[in-house]
Amino acid sequence: MKKITVQDILKKKPEGRKITMLTAYDYPFARMVDEAGVDMVLVGDSVAMVVQGIENTLPVTMDEMVYHTKMAKRGVTNALLVGDMPFMSYQAGVSDALRNAGRFLKEGGAEAVKLEGGLEVIQTVEALTRAEIPVMCHIGLTPQAVHRMGGFKIQGRTEEAANRLIEEARELENAGAFAIVLEAVPMELAKRITKSVSIPTIGIGAGPHVDGQVLVLYDLLGIFERFLPKFAKRYAHMKEEGVKAIIQFRDEVEKGIFPSEDQSFK
Ligand code: KIV
């Protein structure tokens, strides 16, 4: 398998080949995703919820995101590594955005960054693109806007909101974005947005008519169990398997079965 670049991601759309992206926040899970041949590893700010146990993504810091990106980097050989810019790492101005996006590439080893927002981030996307930092955008349900949205709710339900999302996607493409994550939007709208832009759309809760799909790895593997969004699918039950294994360990120690001679030195 060959190293995947931003150019490879861009080529997949006209060729009609679906793009895959999964989150990972450390070495072992990034290795698993990379070995499975997934196109992109996203060090998502969802780390706040699924690893740090916080109720939303707002508290995770730039230093923490860089730390996780460094760990994930060591596990990735082929996939494109994308660092997710946390809340308030780019909202206060373009110079913050440049400095923090630069940290993802210089310190974390990421090859692109992702940020949330539509028309309000156009200047930021332009500045990062000018600085040779590939930018993936994220519109629809943007978890960093949880308080404005009044919760994690489907977006683009009215004609006005739908038209705004189409306009935002077009403007983000013009600003230089190389891909757009569409989160929690009706599938017909996602189809319209996908047809309106020449860069790939990566859906999460956006139905099948998009150019690729992304999921939070801990949802897919059944590790995060506080809730499962309607749009996620569990392909494994690792939390249950893990607890079973730990109970067996506890049991075997209590009964004197572990360690046996096999695990002991003569
Ligand atoms: O942080 C994250 O995991 C994300 C994905 C849900 C796209 O932004």
# chains A, B, ... in the order shown; residues from 1 in each chain; ligands from 1
$ residues_near_ligand --ligand "ligand 1" --cutoff "9 Å" --atoms "only C-alpha atoms and all ligand atoms" --output "VMD selection string"
chain A and resid 21 to 24 42 to 48 57 84 to 86 114 to 116 138 142 to 143 181 to 183 202 to 204 214 to 217
$ write_last_selection --atoms "N, CA, C and O atoms" --output "short mmCIF file (atom, residue, chain, number, x, y, z; two decimals), in the first residue's frame"
data_model
loop_
_atom_site.label_atom_id
_atom_site.label_comp_id
_atom_site.auth_asym_id
_atom_site.auth_seq_id
_atom_site.Cartn_x
_atom_site.Cartn_y
_atom_site.Cartn_z
N MET A 21 -12.41 7.60 6.50
CA MET A 21 -11.64 8.30 7.55
C MET A 21 -12.15 7.80 8.90
O MET A 21 -13.35 7.59 9.08
N LEU A 22 -11.24 7.57 9.83
CA LEU A 22 -11.62 7.19 11.21
C LEU A 22 -10.79 8.00 12.17
O LEU A 22 -9.66 8.42 11.84
N THR A 23 -11.30 8.19 13.37
CA THR A 23 -10.50 8.89 14.38
C THR A 23 -9.54 7.90 15.03
O THR A 23 -9.81 6.69 15.08
N ALA A 24 -8.43 8.42 15.51
CA ALA A 24 -7.54 7.67 16.42
C ALA A 24 -6.78 8.72 17.21
O ALA A 24 -6.54 9.83 16.71
N LEU A 42 -8.02 10.75 11.59
CA LEU A 42 -8.33 12.07 12.16
C LEU A 42 -8.09 12.02 13.66
O LEU A 42 -8.72 11.23 14.38
N VAL A 43 -7.17 12.85 14.13
CA VAL A 43 -7.00 13.01 15.58
C VAL A 43 -8.06 14.03 15.99
O VAL A 43 -7.84 15.24 15.95
N GLY A 44 -9.26 13.52 16.26
CA GLY A 44 -10.43 14.38 16.45
C GLY A 44 -10.48 14.98 17.85
O GLY A 44 -9.99 14.38 18.82
N ASP A 45 -11.14 16.14 17.93
CA ASP A 45 -11.34 16.71 19.27
C ASP A 45 -12.40 15.91 20.03
O ASP A 45 -12.64 16.14 21.22
N SER A 46 -13.01 14.91 19.36
CA SER A 46 -13.88 13.96 20.06
C SER A 46 -13.11 13.20 21.14
O SER A 46 -13.71 12.54 21.99
N VAL A 47 -11.77 13.29 21.12
CA VAL A 47 -10.96 12.71 22.20
C VAL A 47 -11.46 13.20 23.56
O VAL A 47 -11.40 12.48 24.56
N ALA A 48 -11.97 14.44 23.58
CA ALA A 48 -12.47 15.00 24.85
C ALA A 48 -13.60 14.14 25.41
O ALA A 48 -13.67 13.89 26.62
N THR A 57 -16.88 18.68 23.48
CA THR A 57 -15.49 18.76 23.01
C THR A 57 -14.77 20.06 23.41
O THR A 57 -13.59 20.23 23.11
N ASP A 84 -7.24 17.85 14.37
CA ASP A 84 -8.49 18.59 14.52
C ASP A 84 -8.26 19.80 15.43
O ASP A 84 -7.88 19.64 16.60
N MET A 85 -8.50 20.99 14.92
CA MET A 85 -8.21 22.19 15.71
C MET A 85 -9.26 22.37 16.80
O MET A 85 -10.46 22.46 16.50
N PRO A 86 -8.83 22.40 18.06
CA PRO A 86 -9.80 22.45 19.16
C PRO A 86 -10.42 23.84 19.32
O PRO A 86 -9.91 24.83 18.78
N LYS A 114 -8.14 20.07 10.43
CA LYS A 114 -9.58 20.22 10.22
C LYS A 114 -10.07 21.32 11.16
O LYS A 114 -9.60 21.41 12.29
N LEU A 115 -11.02 22.11 10.66
CA LEU A 115 -11.65 23.08 11.56
C LEU A 115 -13.13 23.21 11.23
O LEU A 115 -13.57 22.91 10.13
N GLU A 116 -13.89 23.60 12.26
CA GLU A 116 -15.35 23.69 12.13
C GLU A 116 -15.76 25.10 11.73
O GLU A 116 -15.13 26.07 12.14
N HIS A 138 -15.53 21.55 8.18
CA HIS A 138 -16.53 20.74 8.89
C HIS A 138 -17.76 21.61 9.09
O HIS A 138 -17.68 22.61 9.81
N THR A 142 -21.80 21.16 14.07
CA THR A 142 -20.41 21.43 14.46
C THR A 142 -20.36 21.40 15.99
O THR A 142 -20.86 22.33 16.65
N PRO A 143 -19.80 20.33 16.56
CA PRO A 143 -19.91 20.13 18.02
C PRO A 143 -19.35 21.29 18.86
O PRO A 143 -19.78 21.48 20.00
N VAL A 181 -16.15 17.93 5.83
CA VAL A 181 -16.95 16.99 6.62
C VAL A 181 -18.36 17.56 6.74
O VAL A 181 -18.54 18.74 7.07
N LEU A 182 -19.36 16.71 6.45
CA LEU A 182 -20.77 17.10 6.61
C LEU A 182 -21.33 16.26 7.75
O LEU A 182 -21.43 15.04 7.62
N GLU A 183 -21.67 16.91 8.84
CA GLU A 183 -22.15 16.14 10.00
C GLU A 183 -23.64 16.40 10.24
O GLU A 183 -24.08 17.55 10.31
N ILE A 202 -17.12 14.39 3.12
CA ILE A 202 -16.96 13.21 3.98
C ILE A 202 -18.11 13.27 4.99
O ILE A 202 -18.16 14.19 5.80
N GLY A 203 -19.01 12.31 4.94
CA GLY A 203 -20.20 12.38 5.76
C GLY A 203 -20.09 11.64 7.08
O GLY A 203 -19.38 10.64 7.20
N ILE A 204 -20.79 12.19 8.07
CA ILE A 204 -21.02 11.47 9.33
C ILE A 204 -22.45 11.84 9.71
O ILE A 204 -22.75 13.00 10.00
N VAL A 214 -16.86 9.11 7.62
CA VAL A 214 -16.00 9.14 8.80
C VAL A 214 -16.83 8.69 10.00
O VAL A 214 -18.03 8.97 10.08
N LEU A 215 -16.19 7.95 10.90
CA LEU A 215 -16.82 7.60 12.19
C LEU A 215 -15.81 7.81 13.30
O LEU A 215 -14.59 7.82 13.07
N VAL A 216 -16.34 7.96 14.50
CA VAL A 216 -15.49 7.98 15.69
C VAL A 216 -15.14 6.51 15.99
O VAL A 216 -16.03 5.67 16.15
N LEU A 217 -13.84 6.20 16.02
CA LEU A 217 -13.41 4.80 16.13
C LEU A 217 -14.00 4.10 17.35
O LEU A 217 -14.33 2.92 17.30
#
$ select_by_dssp --residues "stretch 137-240 of chain A" --states "alpha helix (DSSP H)" --output "PyMOL selection string"
chain A and resi 146-149+159-175+187-196+217-220+238-240
$ residues_around --residues "A:Val51" --least-positions-apart "6" --cutoff "9 Å" --atoms "only C-alpha atoms" --output "PyMOL selection string"
chain A and resi 25+218+224
$ closest_residue --among "A:Gly16, A:Gly108, A:Pro59, A:Gly75" --to "A:Phe29" --atoms "only C-alpha atoms"
A:Gly75
$ atom_distance --atom1 "atom CA of A:Ala232" --atom2 "atom CA of A:Ala30"
19.2 Å
$ residues_around --residues "A:Glu107" --least-positions-apart "2" --cutoff "9 Å" --atoms "only C-alpha atoms" --output "count of residues only"
10
$ residues_around --residues "A:Glu188" --least-positions-apart "6" --cutoff "12 Å" --atoms "only C-alpha atoms" --output "PyMOL selection string"
chain A and resi 156-157+159+162+166+194-195+205-210
$ closest_residue --among "A:Ala131, A:Val38, A:Ile9, A:Arg250" --to "A:Arg99" --atoms "only C-alpha atoms"
A:Ala131
$ closest_residue --among "A:Ser196, A:Gln7, A:Thr61, A:Ser264" --to "A:Ala112" --atoms "only C-alpha atoms"
A:Gln7
$ atom_distance --atom1 "atom CA of A:Glu160" --atom2 "atom CA of A:Gln213"
25.5 Å
$ residues_around --residues "A:Lys153" --least-positions-apart "2" --cutoff "12 Å" --atoms "only C-alpha atoms" --output "ChimeraX atom specification"
/A:140-143,145-151,155-157,183-186,205,229-231
$ atom_distance --atom1 "atom CA of A:Gly37" --atom2 "atom CA of A:Gln52"
26.9 Å
$ residues_around --residues "A:Ala175" --least-positions-apart "3" --cutoff "10 Å" --atoms "only C-alpha atoms" --output "PyMOL selection string"
chain A and resi 119+121-130+135+169-172+178
